[in-house]
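Below is one structure; the comments refer to it alone.
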Amino acid sequence: MLVKFQSPAHANILMFGDVAITLLRLMGNSGKIPGALMPEDIPEALDNLKAAVAANPERPLNPKDVSRDREQPSITLAHRALPLIGLLETALARDAHVIWE
């Protein structure tokens, strides 16, 4: 499954479902898909995600299918979260909502 994050303030972002759910939970969200953040909810979600990344930036965050393949290099939490952080920062600056489906 792929999850698409959208905001009128930013280009769409596609992520593997399990990676997106992990990032949503780190933001303080339930992880349910579909979902949305209103502009007033973005600062807290962004702070939560940045704090989680700062606490453990090197944590591997691979899709479940890739994690089984020992020859594939791990992608860190910091790298996986970077596009979503950018989307949230842009949405915050432009007072826009964020949805995912």
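So you can find residues: chains in the structure tokens are A, B, ... in the order shown, residues in each start at 1, and ligands are numbered from 1 in order.
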**Message:** If we count only C-alpha atoms and set the cut-off at 9 Å, which residues sit around Asn29 of chain A, ignoring sequence neighbours fewer than 6 positions away in its own chain? Please answer as JSON, numbers by chain.
**Reply:** {"A": [21, 23, 45]}
**Item:** Neighbour list for Ala96 of chain A as an NGL selection string, cut-off 8 Å, only C-alpha atoms, skip fewer than 5 positions in-chain
**Value:** :A and (7-9 or 38-39 or 91)
**Item:** Nearest-residue call for Ala36 of chain A, choices A:Phe5, A:Met15, A:Thr76, A:Ala54, using only C-alpha atoms
**Value:**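 Under the stated criterion, the closest residue is A:Phe5.
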**Asked** Could you pull the residues within 12 Å of Lys32 of chain A, counting only C-alpha atoms, minus those fewer than 5 positions along the same chain, as a list in words?
**Response**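 Non-adjacent residues within range: Val3, Gly17, Asp18, Ala20, Ile21, Thr22, Leu23, Leu24, Arg25, Ile99, Trp100 and Glu101 of chain A.
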Selection above as a file: N, CA and C atoms, as a PDB file, in the first residue's frame:
```
ATOM      1  N   VAL A   3       0.803   5.523   0.567  1.00  0.00           N
ATOM      2  CA  VAL A   3       0.055   6.614   1.180  1.00  0.00           C
ATOM      3  C   VAL A   3       0.505   7.907   0.515  1.00  0.00           C
ATOM      4  N   GLY A  17       3.112   2.374   2.910  1.00  0.00           N
ATOM      5  CA  GLY A  17       2.110   2.461   3.961  1.00  0.00           C
ATOM      6  C   GLY A  17       2.637   2.297   5.361  1.00  0.00           C
ATOM      7  N   ASP A  18       3.458   1.284   5.597  1.00  0.00           N
ATOM      8  CA  ASP A  18       3.946   1.057   6.959  1.00  0.00           C
ATOM      9  C   ASP A  18       4.893   2.158   7.408  1.00  0.00           C
ATOM     10  N   ALA A  20       4.660   5.340   6.364  1.00  0.00           N
ATOM     11  CA  ALA A  20       3.771   6.480   6.614  1.00  0.00           C
ATOM     12  C   ALA A  20       3.067   6.344   7.956  1.00  0.00           C
ATOM     13  N   ILE A  21       2.595   5.160   8.281  1.00  0.00           N
ATOM     14  CA  ILE A  21       1.907   4.938   9.555  1.00  0.00           C
ATOM     15  C   ILE A  21       2.846   5.200  10.723  1.00  0.00           C
ATOM     16  N   THR A  22       4.079   4.739  10.623  1.00  0.00           N
ATOM     17  CA  THR A  22       5.065   4.996  11.674  1.00  0.00           C
ATOM     18  C   THR A  22       5.274   6.491  11.849  1.00  0.00           C
ATOM     19  N   LEU A  23       5.449   7.225  10.743  1.00  0.00           N
ATOM     20  CA  LEU A  23       5.661   8.669  10.828  1.00  0.00           C
ATOM     21  C   LEU A  23       4.433   9.379  11.386  1.00  0.00           C
ATOM     22  N   LEU A  24       3.243   8.944  10.992  1.00  0.00           N
ATOM     23  CA  LEU A  24       2.022   9.536  11.538  1.00  0.00           C
ATOM     24  C   LEU A  24       1.948   9.339  13.053  1.00  0.00           C
ATOM     25  N   ARG A  25       2.298   8.174  13.506  1.00  0.00           N
ATOM     26  CA  ARG A  25       2.276   7.901  14.956  1.00  0.00           C
ATOM     27  C   ARG A  25       3.317   8.737  15.688  1.00  0.00           C
ATOM     28  N   ILE A  99      -3.618  16.472   4.107  1.00  0.00           N
ATOM     29  CA  ILE A  99      -4.425  15.250   4.118  1.00  0.00           C
ATOM     30  C   ILE A  99      -3.574  14.090   3.640  1.00  0.00           C
ATOM     31  N   TRP A 100      -3.967  12.896   4.034  1.00  0.00           N
ATOM     32  CA  TRP A 100      -3.293  11.694   3.528  1.00  0.00           C
ATOM     33  C   TRP A 100      -4.341  10.636   3.263  1.00  0.00           C
ATOM     34  N   GLU A 101      -4.063   9.878   2.216  1.00  0.00           N
ATOM     35  CA  GLU A 101      -4.982   8.794   1.823  1.00  0.00           C
ATOM     36  C   GLU A 101      -4.219   7.694   1.141  1.00  0.00           C
TER      37      GLU A 101
END
```
**Request:** Could you please write out, as number ranges by chain, every residue of chain A that DSSP assigns to strand (DSSP E or B)?
**Result:** A: 2-7, 10-16, 35-37, 60, 76, 98-100
Would you put the residues from that selection into a file with C-alpha atoms, as a PDB file, in the first residue's frame?
```
ATOM      1  CA  LEU A   2       1.128   3.536  -0.753  1.00  0.00           C
ATOM      2  CA  VAL A   3       0.055   6.614   1.180  1.00  0.00           C
ATOM      3  CA  LYS A   4      -0.198  10.000  -0.506  1.00  0.00           C
ATOM      4  CA  PHE A   5       0.315  13.136   1.586  1.00  0.00           C
ATOM      5  CA  GLN A   6      -1.238  16.238   0.048  1.00  0.00           C
ATOM      6  CA  SER A   7      -1.427  19.929   0.814  1.00  0.00           C
ATOM      7  CA  HIS A  10       3.282  21.618  -1.356  1.00  0.00           C
ATOM      8  CA  ALA A  11       3.815  18.921  -3.952  1.00  0.00           C
ATOM      9  CA  ASN A  12       2.330  15.504  -3.120  1.00  0.00           C
ATOM     10  CA  ILE A  13       4.486  12.938  -1.328  1.00  0.00           C
ATOM     11  CA  LEU A  14       4.097   9.161  -1.718  1.00  0.00           C
ATOM     12  CA  MET A  15       5.328   6.746   0.963  1.00  0.00           C
ATOM     13  CA  PHE A  16       5.098   3.053   1.673  1.00  0.00           C
ATOM     14  CA  GLY A  35      -6.667  11.396   7.736  1.00  0.00           C
ATOM     15  CA  ALA A  36      -5.986  15.090   7.902  1.00  0.00           C
ATOM     16  CA  LEU A  37      -4.413  17.887   9.878  1.00  0.00           C
ATOM     17  CA  PRO A  60      16.218   2.161  10.444  1.00  0.00           C
ATOM     18  CA  THR A  76      17.139   6.019   8.472  1.00  0.00           C
ATOM     19  CA  VAL A  98      -2.554  18.404   5.115  1.00  0.00           C
ATOM     20  CA  ILE A  99      -4.425  15.250   4.118  1.00  0.00           C
ATOM     21  CA  TRP A 100      -3.293  11.694   3.528  1.00  0.00           C
TER      22      TRP A 100
END
```
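Between atom CA of Glu40 of chain A and atom CA of Met1 of chain A there is a distance of 28.6 Å.
Among A:Ser74, A:Thr90, A:Asn56, A:Asn48, the residue with the shortest atom-to-atom distance to Met27 of chain A, counting only C-alpha atoms, is A:Asn48.
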**Asked** Excluding same-chain residues fewer than 2 positions from Arg80 of chain A, what lies within 10 Å of it counting only C-alpha atoms, as a PyMOL selection string?
**Response** chain A and resi 15+19-20+23+53+57+60-62+75-78+82-85
What does the file look like for those residues with C-alpha atoms, as an mmCIF file, in the first residue's frame?
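This went into part_4.cif:
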```cif
data_model
loop_
_atom_site.group_PDB
_atom_site.id
_atom_site.type_symbol
_atom_site.label_atom_id
_atom_site.label_comp_id
_atom_site.auth_asym_id
_atom_site.auth_seq_id
_atom_site.Cartn_x
_atom_site.Cartn_y
_atom_site.Cartn_z
ATOM 1 C CA MET A 15 5.328 6.746 0.963
ATOM 2 C CA VAL A 19 6.536 3.856 6.828
ATOM 3 C CA ALA A 20 3.771 6.480 6.614
ATOM 4 C CA LEU A 23 5.661 8.669 10.828
ATOM 5 C CA VAL A 53 13.849 12.276 14.601
ATOM 6 C CA PRO A 57 17.898 9.895 13.687
ATOM 7 C CA PRO A 60 16.218 2.161 10.444
ATOM 8 C CA LEU A 61 12.801 2.739 8.921
ATOM 9 C CA ASN A 62 12.326 0.360 6.025
ATOM 10 C CA ILE A 75 17.075 3.974 5.268
ATOM 11 C CA THR A 76 17.139 6.019 8.472
ATOM 12 C CA LEU A 77 14.254 7.693 10.210
ATOM 13 C CA ALA A 78 15.878 11.069 9.512
ATOM 14 C CA LEU A 82 12.623 14.665 5.719
ATOM 15 C CA PRO A 83 10.022 15.007 2.910
ATOM 16 C CA LEU A 84 7.130 14.972 5.378
ATOM 17 C CA ILE A 85 8.834 17.557 7.586
#
```
